[in-house]
Amino acid sequence: MILEMARIQIWGMKPVLERVIPVLHNFGGMQIDDAHDVQDVMVQPLTITEEMQSQHEEVDLLIANINGLVDLFSRFKKPGGEIETTSSDDFITIKSRVEELTAQIQYLNNRRKTLQDELISLSKYSEMLKVIAPVMPDSSKKSSNATLRALVHESQMRAMNLLSQQLKLLTHGKFEMISVKVGDATMAVIGIFPFEMMSQVETFMKNENVAQLMLPEEYSYLSTDEALAHLEKKIEINHQELDEIDNRFKRMADNWFSRLHTWQLVCRDRVDEFDAYTRIGETEYTFTIFGWVPVENLESLENVLKSNFGKKVTLNIIDIPDPLKERIPVAMRNPDSLAPFEDLVKMRAVPKYTDIDPSLLVAIFMPLFFGMMVGDVGYGVLMFLITILLLRKPKKGLLGDFLRALRVGAVWTVVFGVLYGEYFGNLGESLGIHPLWFSRSESSSITSLILMSMAVGASHILLGLLIGAWNAIVHRSRHEAWEKIGMFTGLVGIIFVAVSLVTKLPGGFSIFGWIVLAVGLITLALSMGKIGFFLGPIEFIGVIGNILSYLRIAALGLASVFLAKVANDMAGMVGSVIIGVVIAIIIHALNLVIGMLSPTIQSLRLQYVEFFRKFYEGGQSAFKPFCKRVTPQIITSISKS
Amino acid sequence: MEQAIIALAAALAISVTAFATAMAQRAIGSAGVGALAEKPELVGSIIILVAIPETLVILGFAVAAIILLGG
């Protein structure tokens, strides 16, 4: 149902404006229009103060911070699930909590980076020492000896050997050198010498520009084996600390993720309030707000404004100027059971304010056509069970609408399955179950199927034309009303002619049909003005084409039943029962999937193209109320008795 | 022989129109996906535009049925 809308103007004293916007936001039932777009009004755009601008920037920054936190936590927690739409946190609380969280996250991130950098270098040392350790001589383990380690290119080994001889001279023969290959072209050179000669050896190495493998200070005085053990222990500690940081992030994600989503919405509500200010007009002492509200909510809005502001704010209902009548926002209200079909209607186009809400019609005819096309008890039961299973968790958007519509379609599928006698194709027939109406798999029934499809199409189109004519009469569009009546009459005439030809009725029916057809065509032509005598017949042929389009009910039905027949026949042809059942299940599963998708699209297409064109224009904008995404939760203190 | 020609005629009526539908839907489908990438709210219109050429194959089916039933 399309709600009746009222155009309103709210006047008030400027000092109360800052309270009016949150009150209207909490009310949530009014659409605020831009005062700049209103003609013939002596107001200027509201001046946005610097304080307001800086608050707006503060909120934008907070939203950016929250988005960053959400991105980080989404690595540790799967997004999804219901977002809490009530919150007791005000803006200041949110801001301080986000700052605390951000500080904690920064600390943990910095610590993680430090640990990771440390791990890289420790791992490098550890790898080197693991290669060197097995070849270290026993003399390196003596506490009176020191060890130096250097990494050189293998081309420099000759120079290193010369250096070694010089060091032997320097240390009076007490210098021992070992080399081992540690990389593709890298040699590790280990020198062992008395501890007391450390400074002399180091000075010599420095003068000769030999780069030593310097371990971190805490390991530099340890032997190779000791240093390796300490390094490995440190690496293990670092890994444990990194795991602990990840666990802390996971705990923070568990605690804060859904609240952060709620806070995103709270901040967006705040941004909406700032944006609302840009649509308000002002004079020297007053402000004015233009907008739309459903007529049924007018009284409650008046009461809200009166109770909060008394006489300082007034609400006036104003006339809707002619240019604005094409742009009245459309608010629809339907029972919950019609919600998926309302969304499907909006998917095509939001209805115009003067249109009829076709949600109920789509809810009746779309599942009916779906059932006619699929028409199988087995498939219907399976589809119903699948939709029940999938809808245990609430699904939003197109998928949710599709599943809810499919659930209703499954019921009609079972009904028509009983009428056609189809239980997983012709399996029912082989078990002795006969159709109540006709069997689609028999060649003799194809004519009945085609006639049924055409009859359904003709009835549906006639209904659409009736609705279109009635709508045109209500809105006093004479030409359009006569056009619909002419088409309706012509169609009735041609149905009489066709029926009398097919069923061999008395000749009078045929003549009557021709007369009615002629009257219809003439009415149609006259309603279209001067070129009506050319356009009228063309439009009428278009309507015949629309009826022929309903043959898809027969075509898709036949495709479904013959694929099911193939599944059953192939299962019977194979020698083994088990393999036969497997083949049948596979082909029936394929038919089920096709049966869920294709008839949905085709029955929806019949609504959108053939049916809607007779009475539905659409294309208006939807009613966008200025409402909160998150309801503030008022916490009341509980007094202890 | 006559039966064979009737069967061939019905097969041609369906197959040629199905091929024509497939060619039309190929172009519409690929353009539709491109439009949806920029404007997801067009999904309803795109579904309808893709389904419109199926009228060709439905009419082909109607002709095939007339040929077979007439034969």
# chains A, B, ... in the order shown; residues from 1 in each chain; ligands from 1
$ interface_residues --of "chain A" --to "chain B" --cutoff "8 Å" --atoms "only C-alpha atoms" --output "PDB file with C-alpha atoms, in the first residue's frame"
ATOM      1  CA  LEU A 344      10.971  -7.301  -6.065  1.00  0.00           C
ATOM      2  CA  MET A 347      13.820  -3.767  -7.970  1.00  0.00           C
ATOM      3  CA  ARG A 348      11.930  -2.965 -11.154  1.00  0.00           C
ATOM      4  CA  THR A 447      -2.392 -28.678 -26.898  1.00  0.00           C
ATOM      5  CA  LEU A 548       1.974 -15.296 -26.698  1.00  0.00           C
ATOM      6  CA  SER A 549       4.846 -14.559 -24.298  1.00  0.00           C
ATOM      7  CA  LEU A 551       3.762 -19.704 -23.788  1.00  0.00           C
ATOM      8  CA  ARG A 552       6.973 -19.797 -21.762  1.00  0.00           C
ATOM      9  CA  ALA A 555       7.835 -24.317 -22.714  1.00  0.00           C
ATOM     10  CA  ILE A 601      13.312 -15.163 -13.569  1.00  0.00           C
ATOM     11  CA  GLN A 602      10.691 -15.968 -16.192  1.00  0.00           C
ATOM     12  CA  ARG A 605       9.753 -11.159 -16.216  1.00  0.00           C
ATOM     13  CA  TYR A 608       7.603  -6.793 -15.024  1.00  0.00           C
ATOM     14  CA  VAL A 609       7.185  -6.689 -18.786  1.00  0.00           C
TER      15      VAL A 609
END
$ residues_around --residues "segment 234-248 of chain A" --least-positions-apart "3" --cutoff "9 Å" --atoms "only C-alpha atoms" --output "list in words"
Phe76, Leu108, Asn109, Arg111, Arg112, Leu115, Gln116, Glu118, Leu119, Leu122, Ser123, Ala229, His230, Leu231, Arg251, Met252 and Ala253 of chain A
$ residues_around --residues "segment 2-4 of chain B" --least-positions-apart "4" --cutoff "12 Å" --atoms "only C-alpha atoms" --output "list of chain:residue names"
B:Leu8, B:Ala9, B:Ala10, B:Ala11, B:Ile67, B:Leu68, B:Leu69, B:Gly70, B:Gly71
$ residues_around --residues "Val135 of chain A" --least-positions-apart "3" --cutoff "10 Å" --atoms "only C-alpha atoms" --output "list in words"
Lys130, Val131, Ile132, Asp138, Ile178, Ser179, Val180 and Ile190 of chain A
$ write_last_selection --atoms "N, CA and C atoms" --output "CSV table (one decimal), in the first residue's frame"
chain,number,residue,atom,x,y,z
A,130,LYS,N,74.5,-22.3,13.1
A,130,LYS,CA,74.2,-23.8,13.0
A,130,LYS,C,75.2,-24.4,12.0
A,131,VAL,N,75.5,-23.6,11.0
A,131,VAL,CA,76.5,-24.2,10.0
A,131,VAL,C,77.9,-24.2,10.6
A,132,ILE,N,78.2,-23.2,11.3
A,132,ILE,CA,79.6,-23.1,11.9
A,132,ILE,C,79.8,-24.0,13.0
A,138,ASP,N,87.8,-27.9,19.3
A,138,ASP,CA,87.6,-28.0,20.8
A,138,ASP,C,88.2,-26.8,21.5
A,178,ILE,N,89.7,-21.5,10.8
A,178,ILE,CA,88.9,-22.6,10.1
A,178,ILE,C,88.0,-21.9,9.2
A,179,SER,N,87.8,-22.4,8.0
A,179,SER,CA,86.8,-21.9,7.1
A,179,SER,C,85.8,-22.9,6.7
A,180,VAL,N,84.5,-22.5,6.5
A,180,VAL,CA,83.5,-23.4,6.0
A,180,VAL,C,82.5,-22.7,5.1
A,190,ILE,N,86.4,-18.7,10.8
A,190,ILE,CA,86.4,-18.6,12.2
A,190,ILE,C,87.9,-18.6,12.7
$ atom_distance --atom1 "atom CA of Leu451 of chain A" --atom2 "atom CA of Phe369 of chain A"
14.7 Å
$ select_by_dssp --residues "segment 461-636 of chain A" --states "helix (DSSP H, G or I)" --output "short mmCIF file (atom, residue, chain, number, x, y, z; two decimals) with N, CA and C atoms, in the first residue's frame"
data_model
loop_
_atom_site.label_atom_id
_atom_site.label_comp_id
_atom_site.auth_asym_id
_atom_site.auth_seq_id
_atom_site.Cartn_x
_atom_site.Cartn_y
_atom_site.Cartn_z
N ILE A 461 -3.31 -10.43 -18.61
CA ILE A 461 -3.26 -9.16 -19.35
C ILE A 461 -4.57 -8.40 -19.17
N LEU A 462 -5.70 -9.12 -19.24
CA LEU A 462 -7.00 -8.46 -19.05
C LEU A 462 -7.08 -7.82 -17.67
N LEU A 463 -6.60 -8.51 -16.66
CA LEU A 463 -6.58 -7.95 -15.30
C LEU A 463 -5.73 -6.69 -15.26
N GLY A 464 -4.55 -6.76 -15.90
CA GLY A 464 -3.68 -5.59 -15.94
C GLY A 464 -4.35 -4.40 -16.61
N LEU A 465 -5.08 -4.67 -17.70
CA LEU A 465 -5.76 -3.59 -18.43
C LEU A 465 -6.90 -3.01 -17.59
N LEU A 466 -7.60 -3.88 -16.85
CA LEU A 466 -8.68 -3.40 -15.97
C LEU A 466 -8.13 -2.47 -14.89
N ILE A 467 -7.01 -2.92 -14.29
CA ILE A 467 -6.38 -2.10 -13.24
C ILE A 467 -5.92 -0.77 -13.81
N GLY A 468 -5.32 -0.84 -15.02
CA GLY A 468 -4.86 0.39 -15.67
C GLY A 468 -6.00 1.33 -15.97
N ALA A 469 -7.13 0.78 -16.44
CA ALA A 469 -8.29 1.61 -16.76
C ALA A 469 -8.85 2.26 -15.50
N TRP A 470 -8.97 1.44 -14.45
CA TRP A 470 -9.52 1.96 -13.19
C TRP A 470 -8.64 3.08 -12.64
N ASN A 471 -7.32 2.85 -12.68
CA ASN A 471 -6.36 3.83 -12.18
C ASN A 471 -6.45 5.14 -12.97
N ALA A 472 -6.62 4.99 -14.30
CA ALA A 472 -6.72 6.17 -15.15
C ALA A 472 -8.01 6.94 -14.85
N ILE A 473 -9.11 6.21 -14.58
CA ILE A 473 -10.39 6.87 -14.26
C ILE A 473 -10.25 7.61 -12.93
N VAL A 474 -9.64 6.97 -11.94
CA VAL A 474 -9.48 7.59 -10.61
C VAL A 474 -8.65 8.88 -10.71
N ARG A 478 -8.38 10.84 -19.06
CA ARG A 478 -9.44 10.30 -19.92
C ARG A 478 -8.87 9.48 -21.07
N HIS A 479 -7.86 10.05 -21.73
CA HIS A 479 -7.31 9.37 -22.91
C HIS A 479 -6.75 8.00 -22.54
N GLU A 480 -6.03 7.98 -21.42
CA GLU A 480 -5.43 6.72 -21.00
C GLU A 480 -6.52 5.70 -20.65
N ALA A 481 -7.59 6.18 -19.98
CA ALA A 481 -8.70 5.29 -19.60
C ALA A 481 -9.32 4.68 -20.84
N TRP A 482 -9.60 5.52 -21.86
CA TRP A 482 -10.22 4.99 -23.09
C TRP A 482 -9.27 4.04 -23.81
N GLU A 483 -7.97 4.34 -23.74
CA GLU A 483 -6.98 3.45 -24.39
C GLU A 483 -7.05 2.06 -23.76
N LYS A 484 -7.08 2.03 -22.42
CA LYS A 484 -7.11 0.72 -21.72
C LYS A 484 -8.43 0.02 -21.99
N ILE A 485 -9.54 0.79 -21.97
CA ILE A 485 -10.86 0.17 -22.20
C ILE A 485 -10.92 -0.38 -23.62
N GLY A 486 -10.37 0.38 -24.58
CA GLY A 486 -10.36 -0.06 -25.97
C GLY A 486 -9.57 -1.35 -26.14
N MET A 487 -8.41 -1.40 -25.49
CA MET A 487 -7.57 -2.59 -25.60
C MET A 487 -8.26 -3.77 -24.94
N PHE A 488 -8.89 -3.51 -23.79
CA PHE A 488 -9.59 -4.57 -23.06
C PHE A 488 -10.72 -5.14 -23.92
N THR A 489 -11.47 -4.23 -24.51
CA THR A 489 -12.62 -4.65 -25.32
C THR A 489 -12.15 -5.45 -26.53
N GLY A 490 -11.10 -4.94 -27.20
CA GLY A 490 -10.57 -5.62 -28.37
C GLY A 490 -10.09 -7.01 -28.03
N LEU A 491 -9.47 -7.12 -26.88
CA LEU A 491 -8.92 -8.41 -26.44
C LEU A 491 -10.06 -9.40 -26.14
N VAL A 492 -11.09 -8.90 -25.50
CA VAL A 492 -12.26 -9.75 -25.22
C VAL A 492 -12.86 -10.25 -26.53
N GLY A 493 -12.93 -9.32 -27.51
CA GLY A 493 -13.48 -9.67 -28.81
C GLY A 493 -12.68 -10.77 -29.48
N ILE A 494 -11.35 -10.63 -29.45
CA ILE A 494 -10.51 -11.61 -30.14
C ILE A 494 -10.53 -12.96 -29.42
N ILE A 495 -10.73 -12.92 -28.10
CA ILE A 495 -10.85 -14.18 -27.34
C ILE A 495 -12.13 -14.90 -27.77
N PHE A 496 -13.22 -14.14 -27.91
CA PHE A 496 -14.48 -14.75 -28.36
C PHE A 496 -14.30 -15.38 -29.74
N VAL A 497 -13.64 -14.64 -30.64
CA VAL A 497 -13.42 -15.15 -32.01
C VAL A 497 -12.60 -16.43 -31.95
N ALA A 498 -11.49 -16.40 -31.19
CA ALA A 498 -10.60 -17.56 -31.13
C ALA A 498 -11.30 -18.77 -30.51
N VAL A 499 -12.04 -18.53 -29.42
CA VAL A 499 -12.73 -19.64 -28.73
C VAL A 499 -13.79 -20.23 -29.63
N SER A 500 -14.52 -19.36 -30.33
CA SER A 500 -15.59 -19.88 -31.19
C SER A 500 -15.01 -20.68 -32.35
N LEU A 501 -13.80 -20.31 -32.83
CA LEU A 501 -13.15 -21.07 -33.90
C LEU A 501 -12.67 -22.43 -33.40
N VAL A 502 -12.07 -22.44 -32.22
CA VAL A 502 -11.45 -23.66 -31.69
C VAL A 502 -12.51 -24.65 -31.20
N THR A 503 -13.53 -24.14 -30.48
CA THR A 503 -14.49 -25.05 -29.85
C THR A 503 -15.77 -25.19 -30.65
N GLY A 507 -22.44 -19.82 -34.50
CA GLY A 507 -21.91 -18.71 -35.32
C GLY A 507 -22.10 -17.34 -34.68
N GLY A 508 -23.13 -17.20 -33.88
CA GLY A 508 -23.40 -15.92 -33.24
C GLY A 508 -22.25 -15.42 -32.39
N PHE A 509 -21.55 -16.34 -31.73
CA PHE A 509 -20.43 -15.95 -30.87
C PHE A 509 -19.30 -15.34 -31.69
N SER A 510 -19.08 -15.94 -32.85
CA SER A 510 -18.00 -15.43 -33.70
C SER A 510 -18.31 -14.02 -34.17
N ILE A 511 -19.57 -13.80 -34.61
CA ILE A 511 -19.95 -12.46 -35.08
C ILE A 511 -19.86 -11.47 -33.94
N PHE A 512 -20.35 -11.89 -32.77
CA PHE A 512 -20.27 -11.03 -31.58
C PHE A 512 -18.82 -10.66 -31.30
N GLY A 513 -17.95 -11.66 -31.39
CA GLY A 513 -16.53 -11.44 -31.14
C GLY A 513 -15.95 -10.41 -32.09
N TRP A 514 -16.28 -10.57 -33.39
CA TRP A 514 -15.76 -9.60 -34.39
C TRP A 514 -16.26 -8.19 -34.11
N ILE A 515 -17.51 -8.08 -33.70
CA ILE A 515 -18.07 -6.74 -33.42
C ILE A 515 -17.35 -6.11 -32.23
N VAL A 516 -17.18 -6.93 -31.18
CA VAL A 516 -16.51 -6.41 -29.96
C VAL A 516 -15.07 -6.01 -30.31
N LEU A 517 -14.41 -6.84 -31.13
CA LEU A 517 -13.03 -6.52 -31.54
C LEU A 517 -12.98 -5.19 -32.28
N ALA A 518 -13.92 -5.00 -33.20
CA ALA A 518 -13.95 -3.76 -33.98
C ALA A 518 -14.17 -2.55 -33.06
N VAL A 519 -15.13 -2.70 -32.12
CA VAL A 519 -15.43 -1.61 -31.18
C VAL A 519 -14.18 -1.28 -30.38
N GLY A 520 -13.50 -2.31 -29.94
CA GLY A 520 -12.28 -2.11 -29.14
C GLY A 520 -11.21 -1.38 -29.92
N LEU A 521 -11.01 -1.81 -31.17
CA LEU A 521 -9.96 -1.19 -31.98
C LEU A 521 -10.28 0.28 -32.28
N ILE A 522 -11.55 0.53 -32.55
CA ILE A 522 -11.94 1.92 -32.85
C ILE A 522 -11.75 2.80 -31.61
N THR A 523 -12.18 2.28 -30.45
CA THR A 523 -12.01 3.03 -29.19
C THR A 523 -10.53 3.31 -28.95
N LEU A 524 -9.71 2.29 -29.18
CA LEU A 524 -8.26 2.44 -28.97
C LEU A 524 -7.69 3.50 -29.90
N ALA A 525 -8.12 3.43 -31.17
CA ALA A 525 -7.59 4.37 -32.15
C ALA A 525 -8.01 5.80 -31.81
N LEU A 526 -9.28 5.96 -31.42
CA LEU A 526 -9.79 7.31 -31.11
C LEU A 526 -9.09 7.88 -29.88
N SER A 527 -8.74 7.03 -28.93
CA SER A 527 -8.10 7.53 -27.70
C SER A 527 -6.69 8.05 -27.96
N GLY A 532 -3.92 7.71 -34.23
CA GLY A 532 -4.41 6.52 -33.54
C GLY A 532 -4.76 5.39 -34.48
N PHE A 533 -5.24 5.72 -35.70
CA PHE A 533 -5.65 4.66 -36.63
C PHE A 533 -4.46 3.88 -37.18
N PHE A 534 -3.26 4.45 -37.02
CA PHE A 534 -2.05 3.68 -37.37
C PHE A 534 -1.47 3.00 -36.13
N LEU A 535 -1.42 3.81 -35.07
CA LEU A 535 -0.78 3.30 -33.84
C LEU A 535 -1.63 2.25 -33.13
N GLY A 536 -2.95 2.48 -33.15
CA GLY A 536 -3.86 1.61 -32.40
C GLY A 536 -3.69 0.14 -32.74
N PRO A 537 -3.83 -0.26 -34.02
CA PRO A 537 -3.65 -1.66 -34.38
C PRO A 537 -2.26 -2.19 -34.03
N ILE A 538 -1.23 -1.34 -34.17
CA ILE A 538 0.14 -1.79 -33.84
C ILE A 538 0.22 -2.11 -32.34
N GLU A 539 -0.36 -1.20 -31.53
CA GLU A 539 -0.36 -1.44 -30.08
C GLU A 539 -1.11 -2.73 -29.76
N PHE A 540 -2.22 -2.95 -30.50
CA PHE A 540 -3.04 -4.12 -30.22
C PHE A 540 -2.28 -5.41 -30.55
N ILE A 541 -1.55 -5.38 -31.66
CA ILE A 541 -0.74 -6.56 -32.02
C ILE A 541 0.31 -6.81 -30.94
N GLY A 542 0.81 -5.71 -30.37
CA GLY A 542 1.76 -5.84 -29.26
C GLY A 542 1.16 -6.59 -28.09
N VAL A 543 -0.12 -6.32 -27.82
CA VAL A 543 -0.80 -7.02 -26.71
C VAL A 543 -0.93 -8.51 -27.03
N ILE A 544 -1.23 -8.83 -28.31
CA ILE A 544 -1.30 -10.25 -28.71
C ILE A 544 0.06 -10.91 -28.47
N GLY A 545 1.11 -10.19 -28.82
CA GLY A 545 2.46 -10.70 -28.58
C GLY A 545 2.72 -10.93 -27.10
N ASN A 546 2.20 -10.03 -26.26
CA ASN A 546 2.35 -10.19 -24.81
C ASN A 546 1.69 -11.50 -24.35
N ILE A 547 0.51 -11.80 -24.91
CA ILE A 547 -0.19 -13.04 -24.52
C ILE A 547 0.63 -14.25 -24.97
N LEU A 548 1.16 -14.17 -26.20
CA LEU A 548 1.97 -15.30 -26.70
C LEU A 548 3.20 -15.51 -25.81
N SER A 549 3.68 -14.44 -25.17
CA SER A 549 4.85 -14.56 -24.30
C SER A 549 4.60 -15.53 -23.15
N ARG A 552 5.79 -19.33 -22.49
CA ARG A 552 6.97 -19.80 -21.76
C ARG A 552 6.58 -20.68 -20.58
N ILE A 553 5.33 -20.49 -20.08
CA ILE A 553 4.87 -21.36 -18.99
C ILE A 553 4.85 -22.81 -19.51
N ALA A 554 4.34 -22.98 -20.74
CA ALA A 554 4.30 -24.33 -21.33
C ALA A 554 5.70 -24.81 -21.66
N ALA A 555 6.51 -23.90 -22.24
CA ALA A 555 7.83 -24.32 -22.71
C ALA A 555 8.72 -24.76 -21.56
N LEU A 556 8.77 -23.94 -20.51
CA LEU A 556 9.63 -24.28 -19.37
C LEU A 556 9.11 -25.52 -18.67
N GLY A 557 7.78 -25.65 -18.62
CA GLY A 557 7.19 -26.84 -17.98
C GLY A 557 7.59 -28.11 -18.72
N LEU A 558 7.53 -28.05 -20.06
CA LEU A 558 7.89 -29.23 -20.85
C LEU A 558 9.37 -29.55 -20.68
N ALA A 559 10.21 -28.52 -20.68
CA ALA A 559 11.64 -28.75 -20.50
C ALA A 559 11.90 -29.47 -19.18
N SER A 560 11.22 -29.01 -18.13
CA SER A 560 11.41 -29.59 -16.80
C SER A 560 10.96 -31.05 -16.77
N VAL A 561 9.77 -31.31 -17.33
CA VAL A 561 9.23 -32.67 -17.21
C VAL A 561 10.04 -33.66 -18.06
N PHE A 562 10.53 -33.20 -19.23
CA PHE A 562 11.28 -34.14 -20.07
C PHE A 562 12.69 -34.38 -19.52
N LEU A 563 13.27 -33.39 -18.85
CA LEU A 563 14.57 -33.63 -18.20
C LEU A 563 14.40 -34.63 -17.06
N ALA A 564 13.31 -34.52 -16.32
CA ALA A 564 13.03 -35.48 -15.25
C ALA A 564 12.80 -36.87 -15.83
N LYS A 565 12.12 -36.92 -16.98
CA LYS A 565 11.85 -38.21 -17.65
C LYS A 565 13.17 -38.85 -18.08
N VAL A 566 14.08 -38.01 -18.60
CA VAL A 566 15.40 -38.51 -19.01
C VAL A 566 16.13 -39.10 -17.82
N ALA A 567 16.06 -38.40 -16.66
CA ALA A 567 16.72 -38.89 -15.44
C ALA A 567 16.19 -40.28 -15.08
N ASN A 568 14.86 -40.45 -15.11
CA ASN A 568 14.26 -41.73 -14.73
C ASN A 568 14.58 -42.82 -15.75
N ASP A 569 14.53 -42.46 -17.05
CA ASP A 569 14.80 -43.45 -18.10
C ASP A 569 16.24 -43.92 -18.07
N MET A 570 17.16 -42.97 -17.87
CA MET A 570 18.58 -43.34 -17.84
C MET A 570 18.88 -44.22 -16.63
N ALA A 571 18.23 -43.92 -15.51
CA ALA A 571 18.43 -44.75 -14.31
C ALA A 571 17.99 -46.18 -14.57
N GLY A 572 16.90 -46.30 -15.36
CA GLY A 572 16.38 -47.64 -15.67
C GLY A 572 17.24 -48.40 -16.66
N MET A 573 17.95 -47.65 -17.52
CA MET A 573 18.72 -48.30 -18.60
C MET A 573 19.99 -48.97 -18.06
N VAL A 577 21.41 -51.10 -9.85
CA VAL A 577 20.43 -50.24 -9.17
C VAL A 577 21.12 -49.02 -8.57
N ILE A 578 22.29 -49.28 -7.94
CA ILE A 578 22.99 -48.19 -7.22
C ILE A 578 23.43 -47.11 -8.21
N ILE A 579 24.05 -47.55 -9.32
CA ILE A 579 24.52 -46.58 -10.32
C ILE A 579 23.32 -45.84 -10.92
N GLY A 580 22.25 -46.59 -11.15
CA GLY A 580 21.04 -45.97 -11.69
C GLY A 580 20.49 -44.88 -10.78
N VAL A 581 20.46 -45.18 -9.47
CA VAL A 581 19.97 -44.19 -8.50
C VAL A 581 20.89 -42.96 -8.49
N VAL A 582 22.20 -43.21 -8.54
CA VAL A 582 23.16 -42.08 -8.53
C VAL A 582 22.95 -41.19 -9.76
N ILE A 583 22.80 -41.83 -10.92
CA ILE A 583 22.58 -41.05 -12.17
C ILE A 583 21.29 -40.24 -12.05
N ALA A 584 20.24 -40.90 -11.54
CA ALA A 584 18.95 -40.21 -11.41
C ALA A 584 19.07 -39.02 -10.47
N ILE A 585 19.78 -39.23 -9.35
CA ILE A 585 19.93 -38.13 -8.36
C ILE A 585 20.66 -36.96 -8.99
N ILE A 586 21.72 -37.26 -9.76
CA ILE A 586 22.52 -36.18 -10.37
C ILE A 586 21.66 -35.36 -11.34
N ILE A 587 20.92 -36.07 -12.20
CA ILE A 587 20.14 -35.33 -13.22
C ILE A 587 18.96 -34.61 -12.58
N HIS A 588 18.35 -35.26 -11.58
CA HIS A 588 17.24 -34.58 -10.87
C HIS A 588 17.75 -33.35 -10.11
N ALA A 589 18.97 -33.45 -9.55
CA ALA A 589 19.54 -32.30 -8.83
C ALA A 589 19.77 -31.14 -9.80
N LEU A 590 20.28 -31.48 -10.98
CA LEU A 590 20.49 -30.44 -12.01
C LEU A 590 19.15 -29.80 -12.39
N ASN A 591 18.14 -30.64 -12.58
CA ASN A 591 16.81 -30.14 -12.94
C ASN A 591 16.24 -29.27 -11.83
N LEU A 592 16.53 -29.65 -10.59
CA LEU A 592 16.03 -28.88 -9.44
C LEU A 592 16.65 -27.48 -9.42
N VAL A 593 17.97 -27.43 -9.64
CA VAL A 593 18.67 -26.13 -9.63
C VAL A 593 18.14 -25.25 -10.77
N ILE A 594 18.03 -25.84 -11.96
CA ILE A 594 17.48 -25.08 -13.09
C ILE A 594 16.04 -24.66 -12.78
N GLY A 595 15.30 -25.58 -12.15
CA GLY A 595 13.90 -25.32 -11.80
C GLY A 595 13.73 -24.21 -10.77
N MET A 596 14.76 -23.98 -9.96
CA MET A 596 14.65 -22.89 -8.96
C MET A 596 14.98 -21.55 -9.60
N LEU A 597 15.90 -21.54 -10.54
CA LEU A 597 16.39 -20.25 -11.07
C LEU A 597 15.57 -19.75 -12.26
N SER A 598 15.47 -20.59 -13.28
CA SER A 598 14.88 -20.13 -14.52
C SER A 598 13.40 -19.76 -14.39
N PRO A 599 12.54 -20.59 -13.78
CA PRO A 599 11.14 -20.18 -13.64
C PRO A 599 10.97 -18.92 -12.78
N THR A 600 11.87 -18.71 -11.81
CA THR A 600 11.78 -17.48 -11.00
C THR A 600 11.97 -16.26 -11.89
N ILE A 601 13.02 -16.32 -12.70
CA ILE A 601 13.31 -15.16 -13.57
C ILE A 601 12.19 -14.99 -14.59
N GLN A 602 11.72 -16.09 -15.15
CA GLN A 602 10.69 -15.97 -16.19
C GLN A 602 9.37 -15.48 -15.61
N SER A 603 8.98 -15.99 -14.44
CA SER A 603 7.71 -15.52 -13.87
C SER A 603 7.83 -14.07 -13.43
N LEU A 604 9.02 -13.68 -12.97
CA LEU A 604 9.24 -12.27 -12.62
C LEU A 604 9.20 -11.39 -13.86
N ARG A 605 9.75 -11.90 -14.96
CA ARG A 605 9.75 -11.16 -16.22
C ARG A 605 8.33 -10.97 -16.72
N LEU A 606 7.49 -11.98 -16.57
CA LEU A 606 6.09 -11.84 -16.99
C LEU A 606 5.39 -10.73 -16.19
N GLN A 607 5.73 -10.63 -14.89
CA GLN A 607 5.13 -9.54 -14.09
C GLN A 607 5.63 -8.20 -14.60
N TYR A 608 7.00 -8.09 -14.71
CA TYR A 608 7.60 -6.79 -15.02
C TYR A 608 7.23 -6.28 -16.42
N VAL A 609 7.30 -7.15 -17.40
CA VAL A 609 7.18 -6.69 -18.79
C VAL A 609 5.73 -6.76 -19.27
N GLU A 610 5.14 -7.94 -19.23
CA GLU A 610 3.80 -8.09 -19.80
C GLU A 610 2.72 -7.48 -18.93
N PHE A 611 2.81 -7.70 -17.60
CA PHE A 611 1.73 -7.28 -16.70
C PHE A 611 1.84 -5.81 -16.32
N PHE A 612 3.01 -5.41 -15.83
CA PHE A 612 3.19 -4.05 -15.31
C PHE A 612 2.97 -2.99 -16.39
N ARG A 613 3.30 -3.33 -17.65
CA ARG A 613 3.18 -2.32 -18.71
C ARG A 613 1.75 -1.87 -18.91
N LYS A 614 0.80 -2.65 -18.39
CA LYS A 614 -0.62 -2.30 -18.61
C LYS A 614 -1.10 -1.26 -17.61
#
$ select_by_dssp --residues "segment 100-323 of chain A" --states "strand (DSSP E or B)" --output "number ranges by chain"
A: 145-153, 176-181, 186-194, 212, 281-282, 286-294, 313-318
